[in-house]
Amino acid sequence: MKQSQETPRSQKLQAMRHSAEHVLEQAMLKLYPGLMMAMGPAIEDGFYFDFDFSGKISEQDLPNIEAEMKNIIKKNLPIRKEACPMKKARELFNHNPYKQEWLDEIEKKGETPTLYWTGSEFVDLCAGPHVASTGEIGPFKLLTVAGAYWHGDENQKMLTRIYGTAFETKPELDRYLWQIEEAKKRDHRKLGPKLDLFVINEDIGKGLPLLTPKGTVVRNEILAYEKELEGRTGFQEVWTPHIAKSDLYKRTGHWDHYREIMYAPFGIESETYVLKPMNCPHHYMIYASRPRSYRELPLRLSEPGTCYRYEKSGELGGLTRVRSLTIDDSHILMREEQIDAEFELCINLVLAMFKAFGLNKYWVRLSLNDPADHAKYIADPKTWKKAGRKLEEIVKKSRLTYEIAKGEASFYGPKIDFMVKDAIGRAWQMSTLQLDLFMAKKLGLVYTDADGSEKHPVILHRGLTGSLERTIGLLIEHYAGAFPLWLSPTQVIVIPIADRHHSYAKKVSASLNDKHLRVELDDRPSSMQKRIRDAELAKVPFMIIVGDNERIKGDISVRTRGKADLGRMSLATLEKKLLKQIAEKR
RNA sequence: GCCUGGAUAGCUUAGUGGUAAAGCACACCCUUGGUAAGGGUGAGACCGUGGGUUCAAUCCCCACUCCAGGCUCCA
């Protein structure tokens, strides 16, 4: 007891969750004697455990399991660590192939297995740490039942996973559960259709979102901002078709590495075509269309290019994972000496974009290849090493804090990825900057250098936000649907108090429209209060209310979203204010 | 794709082995209201699709489709 009081709070919480997980195992074993323990850890928000079980466990069974866990906790059984000789451990778990596999790992490392006993009733192979007794486990709750492959390998057996969480105090647990509920309300899949931004229609197909007029405004505003940024920094926009001959992808290597995500080839006359799964080859062919001089480099081609990828049905969700995605893509073809400057440029673009969106909760992932995985990457360890080192040097220089992810690289190069979380805490990749030292050589892309020699350019693949669809989805959640003025589909709504104010309201909205502000006139016959409420629910940032007072004085009353009356002002004053706010992207 | 659930009006949900209820939204009428829901009336559902069990299925069983959570994969 004393010991655990001395451990830091977060460590204690981890230990508590880990122990709760053991209690879960013990309870499960009692309720379902036939099941076999696989494994499970304490995780960021709780814990989980994987069971191999021939029967069915559903969420309706969770209260029953929780009740059994409470019994064990009530007994306040001591949790005791035991270093155990390998031979004894092998015997103890001789019916459990999962534990045997784990013991193999421990043996390989030359370590001694450790056991944790809960009282004298339950024992598991475990590295710990744990709390001293089951009574120290705080309030807990089992959350969901899920399936999970053993070792995360889809060729292995599917196990039954139970997720749960535990906290030190009841208010903390309640707060966590409340947060989950609140976060669900921000879910873009709910808010999107509710705010009339996008729909997914069964007859069109899953993973193929349709943007409504309002959603298209958001998309176009994002694109307009990107174009503005790119225009200032020397990017040149191109446009390329959505299909190409499959032979092209055989040459680039996409066919070998990307085959499963490309849609079935189709024939046109005697030739075979596919839907493009990425924009790279199209851009390369623009580069290759004529001889290039070193003077032209860096050549920055960019395009919001819509690509089509076969994602398995279970992987799809809202706008964050779709089958038709628009990559705000660029390919920068350059000389090797230009790598640093071009990456710096792109990192700054990404950071500017994130700032404009008010996205400050992101992290950076340096995605490297896994040298052991020969199938996934172009075979050339030396170049991989060089590219990986270069990127790490760049990311270090940028002063971004980053984590290294082995095995997350593209097949043609390592990447700097910018990650964000969605409303329910799932991590998504947004911007990606990829260093490609292979493709130019593979495709015979060249330029003539100052000394007249032919050289292969280096390629920087840049996804500015990564995917427009995903970005829209994440922004809906980030803003909870209340977009800043510049992104709002409707920026101002004019609400006349009574019928006799309609013509004045029309004049007001026409003036705003002339200033290129997105304005709506709500002249429905319902009460003014009702229409204000509707505008609030639609998250319209500015409301103009006009009645007798305003009409006589020729001014307007202004109300802002979420706040009360701003009072009277002239229309010109508001227009000026709004245009300024839009220009500053506030 | 795999594991576990779910699907009732445009939306959110109630309900039953004898073809269904409410609120919101919608239409019409009354109301002309000063900063988050004025009142009334009406229309709207082969209860996801296809099979099966049954005298009878929205309800029970099976398959499929779509959705959700997770796994795998990924921008």
# chains A, B, ... in the order shown; residues from 1 in each chain; ligands from 1
$ residues_around --residues "B:G1" --least-positions-apart "4" --cutoff "8 Å" --atoms "only C-alpha atoms (C1' of nucleotides)" --output "PyMOL selection string"
chain A and resi 312-314
$ interface_residues --of "chain B" --to "chain A" --cutoff "7 Å" --atoms "only C-alpha atoms (C1' of nucleotides)" --output "count of residues only"
12
$ residues_around --residues "stretch 251-256 of chain A" --least-positions-apart "6" --cutoff "10 Å" --atoms "only C-alpha atoms (C1' of nucleotides)" --output "list in words"
Met262, Pro277, Met278, Cys280, Pro281, Ala375, Lys376, Tyr377, Ile378, Phe411, Tyr412, Phe438, Met439, Ala440, Lys442 and Leu443 of chain A
$ write_last_selection --atoms "N, CA and C atoms" --output "compact mmCIF listing (two decimals), in the first residue's frame"
# COMPACT_ATOMS: atom_id res chain seq x y z
N MET A 262 -5.82 -0.72 -56.02
CA MET A 262 -6.23 -0.16 -57.31
C MET A 262 -7.47 -0.89 -57.80
N PRO A 277 -4.83 5.73 -58.55
CA PRO A 277 -4.81 5.65 -57.09
C PRO A 277 -3.95 6.76 -56.48
N MET A 278 -3.18 7.44 -57.29
CA MET A 278 -2.39 8.60 -56.83
C MET A 278 -2.05 9.43 -58.05
N CYS A 280 0.99 10.90 -58.70
CA CYS A 280 2.42 11.00 -59.02
C CYS A 280 2.73 10.73 -60.49
N PRO A 281 2.36 9.56 -61.02
CA PRO A 281 2.78 9.26 -62.39
C PRO A 281 2.29 10.30 -63.40
N ALA A 375 9.28 -7.04 -48.92
CA ALA A 375 8.20 -6.98 -49.91
C ALA A 375 7.65 -5.57 -50.05
N LYS A 376 7.71 -4.80 -48.98
CA LYS A 376 6.98 -3.53 -48.95
C LYS A 376 7.74 -2.37 -49.61
N TYR A 377 9.04 -2.51 -49.72
CA TYR A 377 9.82 -1.35 -50.17
C TYR A 377 10.72 -1.69 -51.36
N ILE A 378 11.03 -0.66 -52.14
CA ILE A 378 11.99 -0.82 -53.22
C ILE A 378 13.31 -1.29 -52.60
N PHE A 411 6.45 3.07 -50.30
CA PHE A 411 7.36 2.08 -50.88
C PHE A 411 8.53 2.75 -51.57
N TYR A 412 8.38 4.06 -51.90
CA TYR A 412 9.43 4.76 -52.62
C TYR A 412 10.19 5.76 -51.75
N PHE A 438 14.17 7.42 -55.59
CA PHE A 438 14.13 6.25 -56.46
C PHE A 438 13.46 6.51 -57.81
N MET A 439 12.30 7.18 -57.74
CA MET A 439 11.36 7.13 -58.86
C MET A 439 11.91 7.72 -60.15
N ALA A 440 12.67 8.82 -60.04
CA ALA A 440 13.18 9.47 -61.24
C ALA A 440 14.08 8.51 -62.02
N LYS A 442 13.99 5.24 -61.79
CA LYS A 442 13.16 4.13 -62.27
C LYS A 442 12.45 4.48 -63.57
N LEU A 443 12.02 5.72 -63.68
CA LEU A 443 11.25 6.13 -64.86
C LEU A 443 12.11 6.84 -65.91
$ residues_around --residues "B:A9" --least-positions-apart "5" --cutoff "10 Å" --atoms "only C-alpha atoms (C1' of nucleotides)" --output "list in words"
G44, A45 and C47 of chain B
$ atom_distance --atom1 "atom CA of A:Met28" --atom2 "atom CA of A:Thr169"
24.3 Å
$ residues_around --residues "B:U19" --least-positions-apart "2" --cutoff "10 Å" --atoms "only C-alpha atoms (C1' of nucleotides)" --output "PyMOL selection string"
chain B and resi 46-47+57-58
$ select_by_dssp --residues "stretch 272-322 of chain A" --states "strand (DSSP E or B)" --output "list in words"
Thr272, Tyr273, Val274, Leu275, Ser293, Leu299, Arg300, Leu301, Ser302, Glu303, Pro304, Gly305, Thr306, Cys307, Tyr308, Gly317 and Arg321 of chain A
$ write_last_selection --atoms "C-alpha atoms" --output "short mmCIF file (atom, residue, chain, number, x, y, z; two decimals), in the first residue's frame"
data_model
loop_
_atom_site.label_atom_id
_atom_site.label_comp_id
_atom_site.auth_asym_id
_atom_site.auth_seq_id
_atom_site.Cartn_x
_atom_site.Cartn_y
_atom_site.Cartn_z
CA THR A 272 -6.00 -1.61 -70.32
CA TYR A 273 -6.70 1.29 -67.99
CA VAL A 274 -7.12 1.81 -64.25
CA LEU A 275 -8.54 4.55 -62.07
CA SER A 293 17.27 22.12 -67.72
CA LEU A 299 9.72 22.45 -60.69
CA ARG A 300 6.72 22.52 -58.36
CA LEU A 301 3.67 20.95 -59.96
CA SER A 302 0.51 20.91 -57.91
CA GLU A 303 -3.05 19.74 -58.28
CA PRO A 304 -6.01 18.90 -56.12
CA GLY A 305 -6.19 15.47 -57.71
CA THR A 306 -9.05 13.10 -57.05
CA CYS A 307 -7.86 9.52 -56.70
CA TYR A 308 -9.70 6.24 -56.29
CA GLY A 317 -15.92 5.94 -42.35
CA ARG A 321 -11.57 7.23 -44.91
#
$ residues_around --residues "A:Ser120" --least-positions-apart "2" --cutoff "10 Å" --atoms "only C-alpha atoms (C1' of nucleotides)" --output "JSON, numbers by chain"
{"A": [77, 78, 79, 80, 117, 118, 122, 123]}
$ atom_distance --atom1 "atom CA of A:Pro496" --atom2 "atom C1' of B:G39"
20.8 Å
$ residues_around --residues "B:G51" --least-positions-apart "3" --cutoff "12 Å" --atoms "only C-alpha atoms (C1' of nucleotides)" --output "ChimeraX atom specification"
/B:61-64
$ write_last_selection --atoms "N, CA and C atoms (P, O5', C5', C4', C3', O3' and C1' of nucleotides)" --output "JSON list (two decimals), in the first residue's frame"
[["chain", "number", "residue", "atom", "x", "y", "z"],
["B", 61, "C", "P", -34.27, -14.65, -33.50],
["B", 61, "C", "O5'", -34.22, -15.83, -34.57],
["B", 61, "C", "C5'", -33.98, -17.18, -34.19],
["B", 61, "C", "C4'", -33.88, -18.05, -35.41],
["B", 61, "C", "C3'", -32.89, -17.56, -36.46],
["B", 61, "C", "O3'", -31.56, -17.96, -36.17],
["B", 61, "C", "C1'", -34.94, -18.08, -37.51],
["B", 62, "C", "P", -30.35, -17.03, -36.70],
["B", 62, "C", "O5'", -30.32, -17.35, -38.26],
["B", 62, "C", "C5'", -29.95, -18.63, -38.74],
["B", 62, "C", "C4'", -30.03, -18.67, -40.24],
["B", 62, "C", "C3'", -29.27, -17.57, -40.97],
["B", 62, "C", "O3'", -27.89, -17.85, -41.08],
["B", 62, "C", "C1'", -31.43, -17.77, -41.91],
["B", 63, "A", "P", -26.84, -16.62, -41.22],
["B", 63, "A", "O5'", -27.06, -16.15, -42.72],
["B", 63, "A", "C5'", -26.69, -17.00, -43.81],
["B", 63, "A", "C4'", -27.16, -16.39, -45.10],
["B", 63, "A", "C3'", -26.64, -14.99, -45.39],
["B", 63, "A", "O3'", -25.34, -14.99, -45.93],
["B", 63, "A", "C1'", -28.96, -15.05, -45.78],
["B", 64, "C", "P", -24.36, -13.74, -45.68],
["B", 64, "C", "O5'", -25.01, -12.57, -46.55],
["B", 64, "C", "C5'", -25.02, -12.66, -47.97],
["B", 64, "C", "C4'", -25.92, -11.60, -48.54],
["B", 64, "C", "C3'", -25.51, -10.16, -48.25],
["B", 64, "C", "O3'", -24.52, -9.71, -49.13],
["B", 64, "C", "C1'", -27.83, -10.41, -47.86]]
$ select_by_dssp --residues "stretch 346-426 of chain A" --states "alpha helix (DSSP H)" --output "list of chain:residue names"
A:Cys346, A:Ile347, A:Asn348, A:Leu349, A:Val350, A:Leu351, A:Ala352, A:Met353, A:Phe354, A:Lys355, A:Ala356, A:Pro381, A:Lys382, A:Thr383, A:Trp384, A:Lys385, A:Lys386, A:Ala387, A:Gly388, A:Arg389, A:Lys390, A:Leu391, A:Glu392, A:Glu393, A:Ile394, A:Val395, A:Lys396, A:Lys397
$ closest_residue --among "A:Arg17, A:Arg290, A:His257, A:Lys108" --to "A:Lys141" --atoms "only C-alpha atoms"
A:Arg17
$ atom_distance --atom1 "atom CA of A:Glu337" --atom2 "atom CA of A:Asp417"
22.3 Å
